[in-house]
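Just below is one structure, and these are the notes that go with it.
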Number of protein chains: 4
Amino acid sequence: MGSVLIKNGRIITAVDDYFADVFIDGERIAAIGKDLQMDADKVIDAKDRLVIPGGIDPHTHFDMPFGGTTSADDFETGTIAAAHGGTTTVVDFAIQSKGESTIKGLDTWHEKAAGKATIDYAFHMIITDMPQERLPEMRKLADEGITSYKLFMAYPGVLYVDDGTLYRAFRQAGDNGTRICMHAENGIVIDEIIKEAVADGKTAPVYHTLTRPTRMEAEGVYRSIAIAEVAKVPLYIVHLSCADALEEVKRARARGVDVVAETCPQYLFLDASYYEKEGFEGAKWVMTPALREKWNQDVLWQGLAFRDLETIATDHCPFCMNDGIKNPERKGKELGIESFTKIPNGAPGVENRMSLIYNGGVVEQRISLNRFVELTSTAAAKAFGLFPKKGTIAVGSDADIVIFDPEREETISVNNPCTHHMNVDYSAYEGFKVKGFTETVLSRGRVVVEKDKLVTKGGGSFVKRALCGSLLR
Amino acid sequence: MGSVLIKNGRIITAVDDYFADVFIDGERIAAIGKDLQMDADKVIDAKDRLVIPGGIDPHTHFDMPFGGTTSADDFETGTIAAAHGGTTTVVDFAIQSKGESTIKGLDTWHEKAAGKATIDYAFHMIITDMPQERLPEMRKLADEGITSYKLFMAYPGVLYVDDGTLYRAFRQAGDNGTRICMHAENGIVIDEIIKEAVADGKTAPVYHTLTRPTRMEAEGVYRSIAIAEVAKVPLYIVHLSCADALEEVKRARARGVDVVAETCPQYLFLDASYYEKEGFEGAKWVMTPALREKWNQDVLWQGLAFRDLETIATDHCPFCMNDGIKNPERKGKELGIESFTKIPNGAPGVENRMSLIYNGGVVEQRISLNRFVELTSTAAAKAFGLFPKKGTIAVGSDADIVIFDPEREETISVNNPCTHHMNVDYSAYEGFKVKGFTETVLSRGRVVVEKDKLVTKGGGSFVKRALCGSLLR
Amino acid sequence: MGSVLIKNGRIITAVDDYFADVFIDGERIAAIGKDLQMDADKVIDAKDRLVIPGGIDPHTHFDMPFGGTTSADDFETGTIAAAHGGTTTVVDFAIQSKGESTIKGLDTWHEKAAGKATIDYAFHMIITDMPQERLPEMRKLADEGITSYKLFMAYPGVLYVDDGTLYRAFRQAGDNGTRICMHAENGIVIDEIIKEAVADGKTAPVYHTLTRPTRMEAEGVYRSIAIAEVAKVPLYIVHLSCADALEEVKRARARGVDVVAETCPQYLFLDASYYEKEGFEGAKWVMTPALREKWNQDVLWQGLAFRDLETIATDHCPFCMNDGIKNPERKGKELGIESFTKIPNGAPGVENRMSLIYNGGVVEQRISLNRFVELTSTAAAKAFGLFPKKGTIAVGSDADIVIFDPEREETISVNNPCTHHMNVDYSAYEGFKVKGFTETVLSRGRVVVEKDKLVTKGGGSFVKRALCGSLLR
Amino acid sequence: MGSVLIKNGRIITAVDDYFADVFIDGERIAAIGKDLQMDADKVIDAKDRLVIPGGIDPHTHFDMPFGGTTSADDFETGTIAAAHGGTTTVVDFAIQSKGESTIKGLDTWHEKAAGKATIDYAFHMIITDMPQERLPEMRKLADEGITSYKLFMAYPGVLYVDDGTLYRAFRQAGDNGTRICMHAENGIVIDEIIKEAVADGKTAPVYHTLTRPTRMEAEGVYRSIAIAEVAKVPLYIVHLSCADALEEVKRARARGVDVVAETCPQYLFLDASYYEKEGFEGAKWVMTPALREKWNQDVLWQGLAFRDLETIATDHCPFCMNDGIKNPERKGKELGIESFTKIPNGAPGVENRMSLIYNGGVVEQRISLNRFVELTSTAAAKAFGLFPKKGTIAVGSDADIVIFDPEREETISVNNPCTHHMNVDYSAYEGFKVKGFTETVLSRGRVVVEKDKLVTKGGGSFVKRALCGSLLR
């Protein structure tokens with residue numbers, strides 16, 4: 001591999017902010033300095049640009065079988081879209097089939113991803129079943145770089161596990177020095193509420209949110225924290241959506257529990273009123289947790305500023321509104337036309353995260369530039385054993401770098417070729433205007449995107465992750 | 001000025017952790033890289049050493065008239081001791097004389113410091129008096145680099161100001177984009193309690209702590225936060241000492257108020273039982289706030305880990321136990337032999353901070369290496385307008401660098417020439433064993449301390465500080 | 001004196017609810033039973049009526065010099081109005097003149113009241129000055145039945161006392177087994193805010209509320225609680241007006257502090273929008289604390305239901321809008337026509353309390369009938385050493401009894417002779433419709449009001465109160 | 001039936017405190033007055049005695065099949081013991097057999113109790129199974145006076161129900177105007193912890209408490225409150241044992257949720273150190289929740305004083321240590337000699353409650369006399385639809401009256417015939433000294449206990465309860 005010299009940029013990390021040149025030798029950053037005079041195979045002028053660590057999206061679902069179909073982006077289209085949006089690492093989710101080996105589930109996901117990715121990727125493992133005798137697999141997974149595990153309190157009959165499984169998996173994960181990711185919502189109660197709604201003929205998309213009270217998310221957060229506290233494992237709450245749930249995170253931290261939480265752009269920019277759009281359009285935003293009342297957004301932004309929320313992921317899991325067009329044989333949101341309970345849960349977003357957060361956070365002065373980098377990259381790297389390989393601009397780190405134009409304005413749209421490379425027929429943020437846009441993207445020293453063009457396809461690798469330390473020290 | 005190349009060190013910032021060489025050209029860091037080949041006037045091998053940003057102590061009182069005498073370290077001895085301990089910047093306090101111009105107070109402190117300091121220094125301004133007509137001085141101070149102001153709720157008749165003065169100063173400071181530092185303790189009530197104690201013949205040093213209930217510190221914290229909230233100014237609570245006070249900081253942050261807090265090594269390592277030592281020895285630790293019951297220490301450490309406490313300063317303000325020896329004409333703690341109320345308040349510590357926190361924090365696994373750097377340097381730099389000039393190791397920043405030996409063990413003692421350069425006849429941490437010790441210290445590129453020797457004396461400059469941004473974004 | 005038999009009523013106390021007859025022999029209740037066959041001088045049929053303890057209003061200001069004038073009701077008109085409204089005891093406030101004896105202040109108030117009252121009355125003492133040497137007066141006051149003391153954090157230069165005075169008075173009151181009442185608002189800061197407003201030409205009535213942030217009330221609550229906690233005295237917060245302040249009461253109780261709080265009808269039914277009425281009309285509601293944003297009302301009602309608020313008083317302190325008519329030589333609200341800062345603070349209400357709370361509480365199902373009695377009578381009796389003489393319907397208690405028609409509807413108005421006997425030219429609740437109205441009122445066995453008519457004038461006595469126990473056991 | 005006149009007593013209710021005579025005509029109180037001159041069949045002199053409402057124990061388990069055996073007191077011995085201890089009403093628990101009708105379960109319990117009881121009794125219904133189609137039974141139960149329902153989060157495989165069952169039962173109970181009682185502990189996680197302990201050979205009684213972390217009780221409290229909040233039903237937490245759980249009750253009430261909680265004497269007077277007694281003796285206190293660390297006791301007492309805890313029940317469920325003696329064919333605690341997991345859970349206490357709480361509460365000045373009555377009688381009556389028939393001394397109420405000697409001292413012991421009428425071979429409070437003891441007990445006008453003698457056996461009736469109102473209004 002060759003070398004790259006990025007000149008004149010303003011380098012932003014989670015803590016620093018300075019002007020310097022960055023010299024990349026092969027896959028890694030070799031030097032940072034004033035007016036570096038190194039020869040390089042390629043020189044990029046980053047004048048008036050931010051030079052930031054490539055985004056890390058710790059929550060995507062590519063090629064995921066769910067809700068009677070499969071998510072519309074696979075590791076090829078998904079990683080290309082991510083790269084365009086300034087994200088250079090995703091942590092996706094391998095899934096254990098109930099009653100089968102988690103290792104087998106991992107193998108399946110390795111196959112799905114092999115040779116397809118344009119950026120680097122890692123896996124969490126979704127555990128759906130964890131009897132005593134299978135616990136040793138968890139150490140084996142850790143040895144293979146799968147150092148975090150996701151469990152679900154939602155989706156009874158599908159991904160749901162009971163509290164006994166939680167406890168066993170939590171104990172083992174804690175003993176192994178690994179981390180638990182939690183989808184925290186009381187799915188058992190929610191299913192009862194849904195049954196009532198359906199019995200009353202309430203089947204339109206808006207009932208997706210009306211049947212998922214925020215208190216049931218807060219309950220899941222409290223319960224999983226309580227179990228983690230007893231089992232002694234660092235906990236990570238995924239896609240926290242509302243003030244009620246955040247309150248429980250804050251209280252647990254106030255009593256010294258090692259819990260960190262992630263939110264997503266959808267909970268920061270969208271709200272429950274989207275479900276009231278005419279006809280079936282609300283189905284676009286049927287995801288779990290559901291969109292919440294708008295006032296929650298301010299509370300979440302404050303949580304980001306005050307560090308009660310530590311990461312921003314997308315939970316990217318797209319399904320077309322009208323799948324017949326792009327993938328004739330793959331079904332999408334239309335599965336739920338008769339009832340919101342059948343709508344595949346999920347929405348696209350992996351491509352839009354960096355611009356949305358830059359605009360809504362930095363431009364609108366809710367968070368600092370440093371915090372922007374921390375929330376979109378560094379904190380996830382630290383939480384999930386990717387640091388310092390990923391998540392910073394420092395000598396020795398992978399040259400996963402985004403050259404970001406803080407002044408460029410775009411309107412996000414399924415029809416804007418600069419903002420939509422995802423394999424899905426709608427945008428969750430249609431019409432949103434953003435200031436701040438990805439210009440050039442390097443993945444381990446390779447320029448993959450340059451001025452809106454994909455210049456290198458493929459080359460992304462699986463990343464074995466280290467053990468997951470606490471963010472709270 | 002010349003150049004310095006630091007080879008093979010492990011560089012730690014508030015976020016990063018990597019191995020590289022650092023090249024310093026004149027006063028600033030010019031390049032960081034793998035195996036840098038630059039020619040340098042001086043090469044330092046930092047193998048097996050940490051290379052960290054020089055410590056910033058945002059709370060010292062050199063040459064301060066107080067309690068009928070003057071603190072025992074001046075800007076010469078104080079900054080030399082600081083340098084030995086790995087601190088390369090102090091923010092000391094200029095004091096307004098009641099009824100006089102703050103500018104005049106600043107001039108006085110410029111004179112005290114001029115030509116004496118071995119490391120860089122800045123000033124907060126202590127406001128003792130702020131009628132309407134004097135408010136314009138505050139903007140003038142900001143222009144001169146004095147961008148933070150300290151006010152006292154304690155010490156009625158001396159430094160105390162009433163809530164009206166607080167409000168006026170807070171409003172003006174907020175309008176100016178500057179920050180307020182608060183000594184938060186209800187001195188009016190405490191003075192009443194002291195009167196009761198004295199009337200009852202309770203005059204031994206232990207009554208210093210028994211007359212200062214933690215609730216009166218919490219009250220000061222609540223009140224100053226409330227006023228800051230109304231006046232819209234970022235607040236900084238100095239020397240927070242106890243769980244009750246921390247609770248109020250946490251609650252205010254939970255409702256979105258821009259308040260950060262500092263604690264000190266004395267509250268992390270010492271406790272109220274020290275006052276019960278035989279005879280008058282307890283006077284060594286007569287400082288304000290007083291040392292607290294030991295259980296508070298764990299709460300403070302947790303506050304540091306969870307970011308409810310953001311900085312660690314020393315409140316260095318030494319008085320000899322027996323001043324006659326070192327400074328025949330300057331009185332010390334013996335002023336209070338008849339009554340604790342007359343003991344000059346304060347204790348030494350500027351030299352011991354970095355080792356104490358490294359040992360108690362990093363070695364004892366309460367905080368990470370990154371957090372150690374953040375707490376002892378970066379956060380103060382950001383809170384007080386010194387960043388990125390100070391507080392980090394990044395290209396373009398001042399070469400204020402400490403080469404720190406993580407394995408070296410020392411026992412802190414007034415008799416250990418490696419641990420005691422302060423001009424005071426006792427150590428507040430006598431007999432404390434620490435692992436982790438400063439080896440070499442650079443101040444703006446000049447090597448000032450090398451292997452326990454002061455190799456450059458003087459050369460420290462006043463630093464004009466920038467406006468103080470919020471840490472909470 | 002004679003005897004009275006009340007037949008067939010539904011008797012409601014703070015805990016009980018039953019049908020029985022009540023026999024009064026002289027001043028006290030002698031028997032309660034089914035179908036009592038006693039001979040009585042007077043028999044009252046209370047069929048379909050509630051028989052409740054006479055209301056106790058623990059916060060009135062009759063004949064009070066304030067704001068350059070005097071409140072418009074004296075002990076004659078005030079107690080007659082109270083009686084019509086179903087209140088049979090008021091606790092008014094004697095005032096210490098600064099620098100003079102509290103005993104002298106008490107004498108003055110005894111003179112004001114002597115021979116004028118139609119119902120019983122007691123006094124709190126307002127302390128404006130409490131040097132060490134005057135503390136023994138407090139025990140003397142207690143011996144004379146003045147077992148509670150009010151201090152002000154508001155009104156600098158008038159009633160305000162500093163924290164040292166608070167502490168001294170609190171300690172003494174605690175030692176004596178008495179109680180402290182607190183006007184909790186940071187008047188020092190508020191005066192600064194007012195100065196800013198006035199300097200900006202903001203002089204209309206609405207600036208009364210805009211210059212009194214709720215946080216400054218919460219601060220007063222926190223501070224007085226903190227001082228009471230250290231001084232060990234039971235605390236009573238008067239006229240708590242908002243959610244921010246209530247939060248501090250709740251937190252203190254959660255940590256075990258003996259504090260109870262009072263609110264008033266004005267904070268439950270009126271809100272800050274009243275100040276925006278045309279012209280000078282907003283002056284009618286210039287009282288302190290100011291009316292707050294409407295959402296606070298729900299929080300206060302919840303506080304009443306959950307027992308975080310324990311009493312409801314009126315803070316009755318009326319000033320005419322146009323005093324020239326009723327009292328040519330006494331000035332009223334018009335004093336502040338040029339600036340809200342000159343408007344005499346206070347509003348009428350002593351007559352309307354029982355109906356307002358019955359209607360807003362019981363009829364609107366926010367509180368139970370028992371809680372209605374507790375909030376309007378029993379809790380105040382217990383908090384202020386009047387129980388069991390007053391505040392209940394039990395054998396041996398004073399026959400202070402209200403026969404209340406739960407179905408009668410009235411519209412409160414200055415023009416409705418049934419609702420307005422107060423000596424003031426407007427109603428604070430003009431046009432409010434209430435269901436539930438006082439029919440007959442007995443004060444120590446004397447029928448004073450019968451079917452809207454005053455049938456006995458005078459006869460009210462001063463009540464020496466017992467020591468004030470804690471409500472929290 | 002005849003009439004009874006109680007002379008000269010000091011009558012205490014939840015609010016009142018006065019001296020008077022009480023005249024009982026048949027089953028009910030007919031009159032209360034000074035020097036009543038009624039003729040009566042029996043006159044009791046209550047000089048120097050308290051006259052209080054008979055105790056209501058809302059949580060007993062007589063004749064209950066559990067843990068492979070049956071609780072040792074049936075409705076005969078249990079109600080006699082209760083009467084001796086000053087309790088005149090118990091609310092016991094009928095149990096639904098899994099998969100069978102709740103009505104059938106009720107019938108079974110009616111049979112168990114019929115003709116045996118000496119005092120009145122009512123039933124809660126324990127629901128173990130509640131499919132959609134069985135919900136109408138709940139209204140039928142309410143019509144039969146069973147207006148509260150208990151569900152278990154503990155005891156998987158036995159009484160445990162899942163969150164879906166909770167939700168369905170909660171919704172139905174809320175719609176019916178009835179109340180839910182909750183055993184709130186995460187039994188699923190606890191069972192996992194127990195499995196770990198047993199696998200490690202930890203089988204002694206002390207592991208009963210070590211395998212039941214307080215956080216798992218707090219979790220159950222949080223979860224059941226959250227579900228009740230969504231389902232809109234008043235919730236009643238039974239046998240709350242610790243500070244962690246109380247904290248969740250307080251927080252829920254602070255946000256306005258209708259939840260009240262009960263604690264028991266064992267959590268107020270006993271602690272986890274009892275399990276460490278020699279040999280198998282700790283088995284005496286194996287009950288659920290387990291005894292906790294001693295410091296929790298102060299927190300619970302404060303909760304009682306501040307009304308965060310509203311009732312005190314016994315959870316009386318005795319098993320002999322050595323059953324062979326009293327009931328050769330009924331097994332007791334010895335079932336668990338090999339492993340704490342087999343020890344029948346429960347302990348005796350119904351007889352000791354009133355004296356324990358009077359002594360620990362009133363004599364030790366933690367609660368007032370009124371609060372003593374409220375906690376042991378009135379609040380339970382109000383919470384469970386027994387008021388005003390039970391729970392007070394008022395005209396028209398059942399003459400369930402205890403004449404209580406506030407000065408009499410006893411030492412509780414299995415060998416003291418005055419303190420132990422329970423059919424069990426040990427006392428949970430062996431050696432506890434109490435001041436304050438029941439002297440005479442009337443149940444609906446019948447004198448059942450007089451000076452330690454059972455003078456009337458039998459005559460207790462089932463009480464159909466009314467709908468359960470909120471205590472929080």
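Chain labels follow the order of the structure tokens: the first chain is A, the next B, and so on; residue numbering restarts at 1 in every chain, and ligands are counted from 1 in their shown order.
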Could you please select, counting only C-alpha atoms, the residues of chain B within 10 Å of chain C and state them as a CSV table (one decimal) with N, CA, C and O atoms, in the first residue's frame?
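Wrote it out as part_21.csv, contents follow:
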chain,number,residue,atom,x,y,z
B,162,ASP,N,-22.3,39.4,49.6
B,162,ASP,CA,-23.7,39.0,49.8
B,162,ASP,C,-24.3,38.5,48.5
B,162,ASP,O,-23.6,38.6,47.4
B,163,ASP,N,-25.5,38.0,48.5
B,163,ASP,CA,-26.1,37.5,47.3
B,163,ASP,C,-26.4,38.5,46.2
B,163,ASP,O,-26.4,38.2,45.1
B,164,GLY,N,-26.5,39.7,46.6
B,164,GLY,CA,-26.7,40.8,45.6
B,164,GLY,C,-25.5,41.0,44.8
B,164,GLY,O,-25.5,41.1,43.6
B,165,THR,N,-24.3,41.0,45.5
B,165,THR,CA,-23.0,41.1,44.8
B,165,THR,C,-22.9,39.9,43.9
B,165,THR,O,-22.4,40.0,42.7
B,166,LEU,N,-23.2,38.7,44.4
B,166,LEU,CA,-23.1,37.5,43.6
B,166,LEU,C,-23.9,37.7,42.3
B,166,LEU,O,-23.4,37.5,41.2
B,167,TYR,N,-25.1,38.1,42.5
B,167,TYR,CA,-26.0,38.2,41.3
B,167,TYR,C,-25.4,39.2,40.3
B,167,TYR,O,-25.3,38.9,39.1
B,168,ARG,N,-25.0,40.4,40.8
B,168,ARG,CA,-24.4,41.4,39.8
B,168,ARG,C,-23.2,40.8,39.1
B,168,ARG,O,-23.1,41.0,37.9
B,186,ASN,N,-22.0,28.4,53.6
B,186,ASN,CA,-22.7,29.5,54.2
B,186,ASN,C,-21.9,30.0,55.4
B,186,ASN,O,-22.1,29.5,56.5
B,187,GLY,N,-21.0,30.9,55.2
B,187,GLY,CA,-20.1,31.4,56.2
B,187,GLY,C,-20.9,32.2,57.3
B,187,GLY,O,-20.4,32.2,58.4
B,188,ILE,N,-22.0,32.7,57.0
B,188,ILE,CA,-22.8,33.5,58.0
B,188,ILE,C,-23.3,32.5,59.1
B,188,ILE,O,-23.1,32.7,60.3
B,189,VAL,N,-23.9,31.4,58.6
B,189,VAL,CA,-24.3,30.4,59.6
B,189,VAL,C,-23.2,29.8,60.3
B,189,VAL,O,-23.2,29.6,61.5
B,190,ILE,N,-22.1,29.4,59.6
B,190,ILE,CA,-21.0,28.8,60.2
B,190,ILE,C,-20.4,29.7,61.3
B,190,ILE,O,-20.0,29.2,62.3
B,191,ASP,N,-20.3,31.0,61.0
B,191,ASP,CA,-19.8,31.9,62.1
B,191,ASP,C,-20.7,31.8,63.3
B,191,ASP,O,-20.2,31.9,64.4
B,192,GLU,N,-22.0,31.7,63.2
B,192,GLU,CA,-22.8,31.5,64.3
B,192,GLU,C,-22.5,30.2,65.1
B,192,GLU,O,-22.5,30.2,66.3
B,193,ILE,N,-22.3,29.2,64.3
B,193,ILE,CA,-22.0,27.9,65.0
B,193,ILE,C,-20.7,28.0,65.7
B,193,ILE,O,-20.5,27.5,66.8
B,196,GLU,N,-21.0,29.7,69.0
B,196,GLU,CA,-21.6,28.8,70.0
B,196,GLU,C,-20.4,27.9,70.6
B,196,GLU,O,-20.3,27.7,71.8
B,213,PRO,N,-20.7,22.1,59.2
B,213,PRO,CA,-21.5,21.0,58.7
B,213,PRO,C,-21.5,20.9,57.2
B,213,PRO,O,-21.5,21.9,56.5
B,214,THR,N,-21.5,19.7,56.7
B,214,THR,CA,-21.5,19.5,55.2
B,214,THR,C,-22.8,20.1,54.6
B,214,THR,O,-22.7,20.5,53.5
B,215,ARG,N,-23.9,20.1,55.4
B,215,ARG,CA,-25.1,20.7,54.8
B,215,ARG,C,-24.9,22.2,54.5
B,215,ARG,O,-25.5,22.7,53.6
B,216,MET,N,-24.0,22.9,55.2
B,216,MET,CA,-23.8,24.3,54.9
B,216,MET,C,-22.9,24.4,53.7
B,216,MET,O,-23.0,25.5,53.0
B,217,GLU,N,-22.1,23.4,53.3
B,217,GLU,CA,-21.5,23.5,52.0
B,217,GLU,C,-22.5,23.2,50.9
B,217,GLU,O,-22.5,23.9,49.9
B,218,ALA,N,-23.3,22.2,51.1
B,218,ALA,CA,-24.3,21.8,50.1
B,218,ALA,C,-25.2,23.0,49.9
B,218,ALA,O,-25.7,23.3,48.8
B,219,GLU,N,-25.5,23.7,51.0
B,219,GLU,CA,-26.4,24.9,50.9
B,219,GLU,C,-25.7,26.0,50.0
B,219,GLU,O,-26.3,26.6,49.1
B,220,GLY,N,-24.4,26.2,50.2
B,220,GLY,CA,-23.7,27.2,49.3
B,220,GLY,C,-23.7,26.7,47.9
B,220,GLY,O,-23.9,27.5,47.0
B,222,TYR,N,-26.0,24.8,46.4
B,222,TYR,CA,-27.4,24.9,45.9
B,222,TYR,C,-27.6,26.4,45.5
B,222,TYR,O,-28.1,26.8,44.5
B,223,ARG,N,-27.3,27.2,46.5
B,223,ARG,CA,-27.6,28.7,46.3
B,223,ARG,C,-26.8,29.3,45.2
B,223,ARG,O,-27.4,30.0,44.3
B,224,SER,N,-25.5,29.0,45.1
B,224,SER,CA,-24.8,29.6,44.0
B,224,SER,C,-25.2,29.1,42.6
B,224,SER,O,-25.3,29.8,41.6
B,225,ILE,N,-25.6,27.8,42.6
B,225,ILE,CA,-26.1,27.2,41.3
B,225,ILE,C,-27.4,27.9,41.0
B,225,ILE,O,-27.7,28.3,39.8
B,226,ALA,N,-28.3,28.1,42.0
B,226,ALA,CA,-29.6,28.8,41.7
B,226,ALA,C,-29.4,30.2,41.2
B,226,ALA,O,-30.0,30.6,40.2
B,227,ILE,N,-28.5,30.9,41.8
B,227,ILE,CA,-28.2,32.3,41.3
B,227,ILE,C,-27.6,32.2,39.9
B,227,ILE,O,-28.0,33.0,39.0
B,229,GLU,N,-28.0,30.0,37.7
B,229,GLU,CA,-29.1,29.6,36.8
B,229,GLU,C,-29.9,30.8,36.3
B,229,GLU,O,-30.3,30.9,35.2
B,230,VAL,N,-30.2,31.6,37.3
B,230,VAL,CA,-31.1,32.8,37.0
B,230,VAL,C,-30.2,33.8,36.2
B,230,VAL,O,-30.7,34.5,35.3
B,231,ALA,N,-28.9,33.9,36.6
B,231,ALA,CA,-28.1,35.0,36.0
B,231,ALA,C,-27.5,34.5,34.7
B,231,ALA,O,-26.9,35.3,34.0
Query raised in the report: Hey, what does DSSP flag as alpha helix (DSSP H) within region 258-294 of chain A? Can you give it to me as a list in words?
Result: Pro265, Gln266, Tyr267, Leu268 and Phe269 of chain A
Query - 12 Å contact set for Arg292 (chain B), only C-alpha atoms, chain neighbours under 6 positions out, as a ChimeraX atom specification - result: /B:206,208-215,217,240-245,266-275,285-286,298-300
Query raised in the report: Can you tell me how far CA of Leu291 (chain C) sits from CA of Ala154 (chain C), in Å to one decimal?
Result: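 Between these atoms lies a distance of 15.9 Å.
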Requested in this report: Find the residues near Lys453 (chain B): any atom within 9 Å, counting only C-alpha atoms, skip ones fewer than 3 places away on the same chain, and give them as a PyMOL selection string.
Outcome: chain B and resi 84+418+440+448-450+456
Query raised in the report: Got a sec: who's within 10 Å of Ile126 (chain A), counting only C-alpha atoms, leaving out chain neighbours fewer than 4 positions off, as a PyMOL selection string?
Result: chain A and resi 92-97+102+105-106+148-152+159+180-182
Report task. Write out as an MDAnalysis selection string each polymer residue whose atoms come within 12 Å of Asp48 (chain A), counting only C-alpha atoms; drop sequence neighbours fewer than 2 positions from it. Result -> chainID A and resid 7:11 19:20 45:46 50:51 403:408 436 439
Go ahead and save the residues from that selection, with C-alpha atoms, as a compact mmCIF listing (two decimals), in the first residue's frame.
# COMPACT_ATOMS: atom_id res chain seq x y z
CA LYS A 7 -2.44 18.89 4.28
CA ASN A 8 -3.75 21.92 6.09
CA GLY A 9 -6.73 20.37 7.80
CA ARG A 10 -8.29 21.22 11.10
CA ILE A 11 -7.98 18.05 13.09
CA PHE A 19 -4.32 22.57 12.48
CA ALA A 20 -1.75 20.13 11.14
CA ASP A 45 -5.61 19.38 0.53
CA ALA A 46 -7.91 19.70 3.54
CA LEU A 50 -12.35 19.21 9.31
CA VAL A 51 -10.23 16.10 9.54
CA ILE A 403 -12.45 14.96 5.50
CA PHE A 404 -15.57 16.86 6.30
CA ASP A 405 -16.79 20.08 4.76
CA PRO A 406 -18.40 22.08 7.55
CA GLU A 407 -20.00 24.54 5.16
CA ARG A 408 -21.54 22.32 2.53
CA GLY A 436 -21.81 19.83 7.11
CA GLU A 439 -16.13 15.01 1.33
Report task. Compile the contact shell of region 250-259 of chain B as a ChimeraX atom specification: residues with an atom at most 10 Å away, counting only C-alpha atoms, same-chain residues fewer than 2 positions apart removed. Result -> /A:247,250-251,254,299,302-303,305-306,308 /B:179-181,221-222,224-226,228-229,232-237,245-248,261,303,307-310,470-473
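Going from CA of Lys333 (chain A) to CA of Ile312 (chain A) covers 25.0 Å.
Proximity of D:Phe66, D:Gly431, D:Gly174, D:Ile56 to Leu335 (chain D), computed with only C-alpha atoms, is greatest for D:Phe66.
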Requested in this report: Tell me which of C:Met64, C:Leu375, C:Met354, C:Ala380 sits closest to Trp301 (chain C), counting only C-alpha atoms.
Outcome: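 Going through C:Met64, C:Leu375, C:Met354, C:Ala380 one by one, the smallest distance to Trp301 (chain C) is for C:Leu375.
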Query raised in the report: DSSP on the backbone: what in region 60-213 of chain C comes out strand (DSSP E), as a PyMOL selection string?
Result: chain C and resi 60+65-66+69-70+87-95+120-126+148-152+179-183
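Distance-wise, CA of Asp400 (chain A) and CA of Phe462 (chain A) end up 14.3 Å apart.
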